[in-house]
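Contents: one structure, followed by commentary.
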Amino acid sequence: MRIAVVGSGYVGLVAGACFADLGHQVILVDNDQEKLAALKEGKVPIHEKFLPELLNRHRGHSLTFSDDLHAAVEVSAAIFIAVGTPPTEQGQADLSYVESVARSIPSAMNGYKVIVEKSTVPVYTSEWIRKIILRNAAAPDSFDVASNPEFLREGTAVTDFLYPDRIVVGADNERCASILAAVYAPLTTGSYYQREDAIPQPDRAQIPPPLIITSTKSAELIKHASNAFLAMKISFINAVASVCESVGANVQQVCQGIGTDSRIGPRFLNPGIGYGGSCFPKDLMAFRAVARESGYEFRLLDEVMRINEDQRHRFLRKVRSALWTLRGKRVGVLGLAFKGGTDDIRESPAILLVESLLQEGCQIAAYDPAAQAHAREVLNPSVKFASDPYEAASGADALLILTEWDEFASLDLDRLHAQLKYPIVIDGRNLYDPAAMAARGFTYYSVGRAAVTPETLPLETGTPARKITNS
Ligand code: UGA
């Protein structure tokens, strides 16, 4: 099928590359000339596993890049809108980019087209897109608007796209639904997974994935409700972690105990320094705004956001309680990205914490395997960037672990100990077993578990450190 994807941001670029891998002819449209030139030259603008392979495989053949939306619409049966929907000051999603694409489509329509919302948008957006297209003189039966929310996570975006838990298609009639079903047929029939060159299957893949067809409004709500639920799960376990700290329980044991209930499940139950990224914070505000406009005060979401914010302040208090005064203290920081596996620092709790520590007069030496270049653009120039975790720890009063990168879970602890001025580790991601850390001579603070020192080895041993499995 001939497909246009408008917007070459995270979702658009990954979706375009994956559609090409499914065998479609894809034109990726963007008006950012620099980005287009870079993509045509073979550059990959985001750090994402398997994306370079897919772009290499299809660039110039089944995946082309263009700034000509008109021409792309003319030749395509389905047009996926994947432009940005940043938050406004009031927390709503700014839909002006979506509207501007919708306005440009009618003049290029030369037959039946399906216009698909791929960006995360509030309920009623599909109705608005339809109105805008009609206002610009398209015939009512010459197009349909569908919603096809995307559930990919940064860091595992390509595998999430090609091995999804489900594919949700919101379409209000058969004709439109069948076009989207055809787009995803290589996944839903399983034919893609038979191919020798298929992107490798991750653990826990549901093959073939189910296709869930709903109304467009339901599909729009599914996206917001999914993200809100996942954020709620994280805030819930962060709140439980705070109770664990007060009563002397161990949150990892609690997670194991509740996560094995199949109704709850173990995923997205990792306590930490709060969620960040370009999706959860923005989508929660947008969902709350949608609910409010429709007459429902979704106070649960307020609390999810409050707990998330509080989690960062609690961590900061932990740093203070470990170091007493902060002015002039040298602090090593491991991790700046909002989560492991990505170079994205948008709404990163690690960046917010580093900014707070700087404000309190700390000197920071930071290391991140992928996000340093982006962090350099936003952080105060006094921050030193190290070339590995040990350099960040060198001469530091304490080491903070702020992002759940795999490589931070397997540090050479003796080497680390030798580098630090004082062997203090404050772990915001629970990557280590407290007993093991104390036995190696560290004073170790983590989230939802008692702090330990070499002198006060905890009684409980064998408490699981967090396993990093991309949650
Ligand atoms: C999230 C959703 O997981 C995707 O399904 C969705 O498609 C995407 O938003 C989106 O709307 O585009 P993403 O923001 O890439 O994906 O990252 P997540 O893996 O969800 O992590 C979000 C934040 O929560 C990170 O800061 C992470 O460290 C934190 N987190 C995650 C926890 O603190 N604990 C956990 O157990 C899981």
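Identifiers in this document derive from the order of the structure tokens: chains are assigned A, B, ..., residues are numbered from 1 separately in each chain, and ligands are numbered from 1 in order of occurrence.
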
- Item | Neighbour list for Asn238 of chain A as a list in words, cut-off 7 Å, only C-alpha atoms, skip fewer than 3 positions in-chain | Ile234, Ser235, Ala241, Ser242, Pro271, Gly272 and Gln311 of chain A

- 10 Å contact set for Ala171 of chain A, only C-alpha atoms, chain neighbours under 4 positions out, as number ranges by chain: A: 114, 116, 126, 144-148, 175-180, 213-219

Given the selection you just returned, output its residues as a file containing N, CA, C and O atoms, formatted as a compact mmCIF listing (two decimals), in the first residue's frame.
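Result file result-v5.txt:
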```txt
# COMPACT_ATOMS: atom_id res chain seq x y z
N VAL A 114 -7.83 7.60 3.52
CA VAL A 114 -8.05 7.48 4.97
C VAL A 114 -7.01 8.37 5.66
O VAL A 114 -5.81 8.24 5.41
N VAL A 116 -5.33 9.27 9.09
CA VAL A 116 -5.19 8.53 10.35
C VAL A 116 -4.46 9.38 11.40
O VAL A 116 -3.35 9.86 11.15
N SER A 126 -10.61 13.60 16.01
CA SER A 126 -10.98 13.07 14.69
C SER A 126 -12.18 13.83 14.12
O SER A 126 -12.25 14.11 12.93
N ASP A 144 -12.19 9.25 5.06
CA ASP A 144 -12.59 8.95 6.44
C ASP A 144 -11.44 9.32 7.35
O ASP A 144 -10.28 9.32 6.92
N VAL A 145 -11.78 9.60 8.60
CA VAL A 145 -10.73 9.88 9.58
C VAL A 145 -10.72 8.72 10.58
O VAL A 145 -11.77 8.33 11.10
N ALA A 146 -9.53 8.17 10.81
CA ALA A 146 -9.41 7.05 11.76
C ALA A 146 -8.41 7.42 12.85
O ALA A 146 -7.62 8.36 12.70
N SER A 147 -8.49 6.69 13.95
CA SER A 147 -7.52 6.88 15.02
C SER A 147 -6.75 5.57 15.20
O SER A 147 -7.34 4.50 15.30
N ASN A 148 -5.43 5.67 15.18
CA ASN A 148 -4.61 4.47 15.32
C ASN A 148 -3.47 4.78 16.31
O ASN A 148 -2.35 5.04 15.93
N ARG A 175 -15.31 0.39 5.53
CA ARG A 175 -14.37 0.68 4.45
C ARG A 175 -13.03 1.19 5.01
O ARG A 175 -11.95 0.73 4.62
N CYS A 176 -13.16 2.10 5.96
CA CYS A 176 -11.99 2.71 6.57
C CYS A 176 -11.23 1.66 7.41
O CYS A 176 -10.01 1.53 7.33
N ALA A 177 -11.99 0.88 8.20
CA ALA A 177 -11.36 -0.14 9.06
C ALA A 177 -10.59 -1.15 8.21
O ALA A 177 -9.48 -1.59 8.59
N SER A 178 -11.14 -1.50 7.03
CA SER A 178 -10.49 -2.55 6.24
C SER A 178 -9.17 -2.04 5.66
O SER A 178 -8.23 -2.81 5.49
N ILE A 179 -9.07 -0.74 5.39
CA ILE A 179 -7.79 -0.22 4.87
C ILE A 179 -6.73 -0.30 5.96
O ILE A 179 -5.60 -0.73 5.73
N LEU A 180 -7.10 0.06 7.18
CA LEU A 180 -6.11 -0.03 8.26
C LEU A 180 -5.77 -1.48 8.59
O LEU A 180 -4.63 -1.80 8.92
N ILE A 213 -10.70 -3.33 16.94
CA ILE A 213 -11.36 -2.26 16.18
C ILE A 213 -12.42 -1.62 17.06
O ILE A 213 -13.26 -2.31 17.66
N THR A 214 -12.35 -0.30 17.18
CA THR A 214 -13.27 0.43 18.05
C THR A 214 -13.80 1.65 17.28
O THR A 214 -13.40 1.88 16.15
N SER A 215 -14.61 2.43 17.96
CA SER A 215 -15.00 3.72 17.39
C SER A 215 -13.79 4.65 17.47
O SER A 215 -12.86 4.39 18.26
N THR A 216 -13.78 5.72 16.70
CA THR A 216 -12.62 6.63 16.76
C THR A 216 -12.49 7.24 18.15
O THR A 216 -11.39 7.35 18.69
N LYS A 217 -13.61 7.61 18.75
CA LYS A 217 -13.53 8.23 20.09
C LYS A 217 -12.94 7.27 21.11
O LYS A 217 -12.14 7.64 21.95
N SER A 218 -13.36 6.01 21.04
CA SER A 218 -12.81 5.03 22.00
C SER A 218 -11.32 4.88 21.79
O SER A 218 -10.55 4.81 22.77
N ALA A 219 -10.88 4.85 20.53
CA ALA A 219 -9.44 4.68 20.28
C ALA A 219 -8.66 5.87 20.83
O ALA A 219 -7.58 5.71 21.42
```

I'd like a table as a tab-separated table: residues in chain A with an atom no more than 7 Å from ligand 1, each row giving the shortest atom pair and its distance in Å to one decimal, only C-alpha atoms and all ligand atoms counted, sorted by chain and rising residue number.
```
residue	atom	partner	partner_atom_place_in_ligand_line	distance
A:Thr120	CA	ligand 1	11 (O)	6.8
A:Glu150	CA	ligand 1	7 (O)	5.4
A:Phe151	CA	ligand 1	7 (O)	3.1
A:Leu152	CA	ligand 1	7 (O)	4.0
A:Arg153	CA	ligand 1	15 (O)	3.4
A:Glu154	CA	ligand 1	15 (O)	3.7
A:Gly155	CA	ligand 1	15 (O)	6.9
A:Asn227	CA	ligand 1	2 (C)	5.9
A:Ala231	CA	ligand 1	24 (O)	7.0
A:Ile234	CA	ligand 1	34 (N)	5.3
A:Arg267	CA	ligand 1	36 (O)	6.2
A:Phe268	CA	ligand 1	36 (O)	3.1
A:Leu269	CA	ligand 1	36 (O)	4.2
A:Asn270	CA	ligand 1	36 (O)	3.5
A:Pro271	CA	ligand 1	34 (N)	5.5
A:Gly272	CA	ligand 1	33 (O)	5.1
A:Ile273	CA	ligand 1	33 (O)	6.5
A:Gly274	CA	ligand 1	33 (O)	5.0
A:Tyr275	CA	ligand 1	24 (O)	3.6
A:Gly276	CA	ligand 1	26 (O)	3.9
A:Gly277	CA	ligand 1	14 (O)	5.0
A:Ser278	CA	ligand 1	14 (O)	5.9
A:Cys279	CA	ligand 1	11 (O)	4.6
A:Phe280	CA	ligand 1	9 (O)	5.8
A:Phe338	CA	ligand 1	26 (O)	4.6
A:Lys339	CA	ligand 1	28 (O)	4.2
A:Ser348	CA	ligand 1	26 (O)	6.6
A:Thr403	CA	ligand 1	28 (O)	6.9
A:Glu404	CA	ligand 1	28 (O)	6.9
A:Asn470	CA	ligand 1	19 (O)	6.8
A:Ser471	CA	ligand 1	37 (C)	5.4
```

Could the residues in this selection be written to a file with N, CA, C and O atoms, as a tab-separated table (two decimals), in the first residue's frame?
```tsv
chain	number	residue	atom	x	y	z
A	120	THR	N	-0.57	11.42	19.61
A	120	THR	CA	-1.48	11.30	20.76
A	120	THR	C	-2.35	12.55	20.80
A	120	THR	O	-1.84	13.65	20.93
A	150	GLU	N	-0.48	4.89	18.99
A	150	GLU	CA	0.78	4.17	19.00
A	150	GLU	C	1.21	3.97	20.45
A	150	GLU	O	1.13	4.89	21.25
A	151	PHE	N	1.68	2.77	20.77
A	151	PHE	CA	2.03	2.48	22.17
A	151	PHE	C	3.53	2.23	22.35
A	151	PHE	O	3.95	1.67	23.35
A	152	LEU	N	4.34	2.63	21.35
A	152	LEU	CA	5.77	2.33	21.46
A	152	LEU	C	6.44	3.14	22.56
A	152	LEU	O	6.02	4.24	22.89
A	153	ARG	N	7.47	2.52	23.14
A	153	ARG	CA	8.27	3.20	24.16
A	153	ARG	C	9.61	3.59	23.56
A	153	ARG	O	10.15	2.85	22.73
A	154	GLU	N	10.14	4.70	23.99
A	154	GLU	CA	11.47	5.08	23.53
A	154	GLU	C	12.47	4.05	24.03
A	154	GLU	O	12.33	3.51	25.12
A	155	GLY	N	13.47	3.78	23.21
A	155	GLY	CA	14.48	2.80	23.59
A	155	GLY	C	14.15	1.42	23.03
A	155	GLY	O	15.05	0.64	22.72
A	227	ASN	N	-1.80	5.52	28.96
A	227	ASN	CA	-0.66	6.23	29.55
A	227	ASN	C	-0.97	6.67	30.98
A	227	ASN	O	-0.11	6.60	31.86
A	231	ALA	N	1.15	5.54	34.32
A	231	ALA	CA	1.72	6.55	35.23
A	231	ALA	C	1.17	6.34	36.64
A	231	ALA	O	1.89	6.47	37.63
A	234	ILE	N	3.01	3.60	38.36
A	234	ILE	CA	4.33	4.02	38.86
A	234	ILE	C	4.17	4.87	40.12
A	234	ILE	O	4.87	4.67	41.11
A	267	ARG	N	4.98	-5.59	35.72
A	267	ARG	CA	5.59	-4.55	34.88
A	267	ARG	C	5.11	-3.15	35.30
A	267	ARG	O	4.02	-2.98	35.80
A	268	PHE	N	5.98	-2.18	35.06
A	268	PHE	CA	5.69	-0.78	35.45
A	268	PHE	C	5.40	-0.65	36.94
A	268	PHE	O	4.54	0.12	37.36
A	269	LEU	N	6.13	-1.45	37.70
A	269	LEU	CA	5.96	-1.43	39.14
A	269	LEU	C	7.33	-1.18	39.78
A	269	LEU	O	7.59	-1.63	40.88
A	270	ASN	N	8.20	-0.49	39.03
A	270	ASN	CA	9.53	-0.20	39.57
A	270	ASN	C	9.52	1.18	40.22
A	270	ASN	O	9.31	2.18	39.53
A	271	PRO	N	9.78	1.23	41.53
A	271	PRO	CA	9.85	2.54	42.17
A	271	PRO	C	11.11	3.26	41.70
A	271	PRO	O	12.03	2.64	41.19
A	272	GLY	N	11.15	4.57	41.87
A	272	GLY	CA	12.33	5.30	41.41
A	272	GLY	C	12.26	6.75	41.79
A	272	GLY	O	11.81	7.10	42.89
A	273	ILE	N	12.67	7.61	40.85
A	273	ILE	CA	12.67	9.05	41.11
A	273	ILE	C	11.52	9.72	40.38
A	273	ILE	O	11.51	10.93	40.19
A	274	GLY	N	10.55	8.92	39.95
A	274	GLY	CA	9.38	9.48	39.28
A	274	GLY	C	9.50	9.31	37.77
A	274	GLY	O	10.60	9.19	37.23
A	275	TYR	N	8.35	9.30	37.10
A	275	TYR	CA	8.38	9.14	35.64
A	275	TYR	C	8.68	10.49	34.98
A	275	TYR	O	8.41	11.55	35.53
A	276	GLY	N	9.27	10.41	33.79
A	276	GLY	CA	9.51	11.62	33.00
A	276	GLY	C	9.25	11.31	31.55
A	276	GLY	O	8.47	10.40	31.22
A	277	GLY	N	9.91	12.04	30.65
A	277	GLY	CA	9.76	11.78	29.22
A	277	GLY	C	8.76	12.70	28.56
A	277	GLY	O	8.11	13.53	29.21
A	278	SER	N	8.63	12.51	27.26
A	278	SER	CA	7.80	13.44	26.49
A	278	SER	C	6.33	13.01	26.48
A	278	SER	O	5.51	13.67	25.87
A	279	CYS	N	6.02	11.88	27.13
A	279	CYS	CA	4.64	11.39	27.01
A	279	CYS	C	3.84	11.47	28.31
A	279	CYS	O	2.84	12.17	28.37
A	280	PHE	N	4.26	10.73	29.34
A	280	PHE	CA	3.43	10.67	30.55
A	280	PHE	C	3.10	12.05	31.12
A	280	PHE	O	1.92	12.35	31.35
A	338	PHE	N	15.80	10.39	30.49
A	338	PHE	CA	14.62	10.19	31.34
A	338	PHE	C	14.40	8.73	31.68
A	338	PHE	O	13.67	8.40	32.60
A	339	LYS	N	15.06	7.85	30.91
A	339	LYS	CA	15.06	6.42	31.23
A	339	LYS	C	16.21	5.78	30.47
A	339	LYS	O	16.82	6.43	29.60
A	348	SER	N	13.16	14.94	31.97
A	348	SER	CA	13.91	13.89	32.67
A	348	SER	C	14.02	14.24	34.15
A	348	SER	O	14.54	15.31	34.51
A	403	THR	N	19.40	7.05	36.29
A	403	THR	CA	18.74	6.44	35.12
A	403	THR	C	19.04	4.95	35.11
A	403	THR	O	20.16	4.54	35.43
A	404	GLU	N	18.03	4.15	34.71
A	404	GLU	CA	18.19	2.69	34.79
A	404	GLU	C	18.87	2.10	33.55
A	404	GLU	O	18.36	1.19	32.91
A	470	ASN	N	13.44	-3.56	30.62
A	470	ASN	CA	12.61	-2.56	29.98
A	470	ASN	C	11.21	-2.54	30.55
A	470	ASN	O	10.22	-2.40	29.86
A	471	SER	N	11.16	-2.70	31.84
A	471	SER	CA	9.92	-2.70	32.60
A	471	SER	C	8.86	-3.58	32.00
A	471	SER	O	7.76	-3.20	31.82
```

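If you count only C-alpha atoms and ignore residues fewer than 6 places along the chain from Gln33 of chain A, what sits within 10 Å of it is Leu39, Ser66 and Asp67 of chain A.
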
Go ahead and write the residues just picked, C-alpha atoms, as a PDB file, in the first residue's frame.
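Saved file out.pdb follows:
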```pdb
ATOM      1  CA  LEU A  39      17.640  11.631   6.775  1.00  0.00           C
ATOM      2  CA  SER A  66       9.890  14.756   1.132  1.00  0.00           C
ATOM      3  CA  ASP A  67       8.624  18.216   2.046  1.00  0.00           C
TER       4      ASP A  67
END
```

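The two atoms in question, atom CA of Ala373 of chain A and atom CA of Phe408 of chain A, are spaced 18.8 Å apart.
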
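Among the candidates A:Leu28, A:Leu63, A:Leu221, A:Ala398, the residue lying nearest to Lys318 of chain A is A:Ala398 (atoms considered: only C-alpha atoms).
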
- Item | strand (DSSP E) per DSSP on the backbone: members of segment 46-226 of chain A, as a ChimeraX atom specification | /A:63-66,78-81,113-117,143-147,167-170,211-214

Please, could you write that set of residues out with C-alpha atoms as an mmCIF file, in the first residue's frame?
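Result file part.cif:
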```
data_model
loop_
_atom_site.group_PDB
_atom_site.id
_atom_site.type_symbol
_atom_site.label_atom_id
_atom_site.label_comp_id
_atom_site.auth_asym_id
_atom_site.auth_seq_id
_atom_site.Cartn_x
_atom_site.Cartn_y
_atom_site.Cartn_z
ATOM 1 C CA LEU A 63 10.996 4.773 2.244
ATOM 2 C CA THR A 64 11.490 8.241 0.782
ATOM 3 C CA PHE A 65 11.620 11.660 2.432
ATOM 4 C CA SER A 66 9.890 14.756 1.132
ATOM 5 C CA ALA A 78 -3.607 6.321 3.839
ATOM 6 C CA ILE A 79 -2.140 9.474 5.379
ATOM 7 C CA PHE A 80 -0.857 9.098 8.935
ATOM 8 C CA ILE A 81 -0.601 12.350 10.897
ATOM 9 C CA LYS A 113 -8.287 8.535 1.357
ATOM 10 C CA VAL A 114 -8.048 7.481 4.971
ATOM 11 C CA ILE A 115 -6.605 10.161 7.237
ATOM 12 C CA VAL A 116 -5.187 8.532 10.349
ATOM 13 C CA GLU A 117 -4.344 10.190 13.680
ATOM 14 C CA PHE A 143 -12.343 10.350 2.918
ATOM 15 C CA ASP A 144 -12.588 8.953 6.435
ATOM 16 C CA VAL A 145 -10.734 9.879 9.581
ATOM 17 C CA ALA A 146 -9.406 7.053 11.757
ATOM 18 C CA SER A 147 -7.522 6.877 15.023
ATOM 19 C CA ILE A 167 -3.077 -2.865 17.444
ATOM 20 C CA VAL A 168 -5.922 -0.432 18.074
ATOM 21 C CA VAL A 169 -7.855 0.933 15.131
ATOM 22 C CA GLY A 170 -10.625 3.449 15.719
ATOM 23 C CA LEU A 211 -6.373 -6.171 16.084
ATOM 24 C CA ILE A 212 -8.869 -4.254 18.202
ATOM 25 C CA ILE A 213 -11.356 -2.262 16.182
ATOM 26 C CA THR A 214 -13.267 0.427 18.050
#
```

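For Val75 of chain A, the non-local neighbours within 10 Å, defined as residues at least 5 positions apart in the same chain or in other chains and counting only C-alpha atoms, are Arg2, Ile3, Ala4, Ile27, His70, Ala108, Met109, Asn110, Gly111 and Lys113 of chain A.
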
- Pro434 of chain A surroundings by only C-alpha atoms, 7 Å radius, close-in-sequence under 4 positions cut, as a PyMOL selection string: chain A and resi 438+444+452

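Minimum atom-to-atom distance to Leu402 of chain A, evaluated using only C-alpha atoms, belongs to A:Asp368 out of A:Asp414, A:Asp172, A:Asp368, A:Asp21.
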
- Query: Residues at most 6 Å from segment 245-259 of chain A, counting only C-alpha atoms, excluding those fewer than 6 positions away in the same chain, as a PyMOL selection string?
  - Reply: chain A and resi 265-266+448-449

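A straight line drawn from atom CA of Pro140 of chain A to atom CA of Ser8 of chain A is 28.6 Å long.
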
- Query: Rounded to one decimal in Å, what is the spacing between atom CA of Met305 of chain A and atom CA of Pro122 of chain A?
  - Reply: 18.6 Å
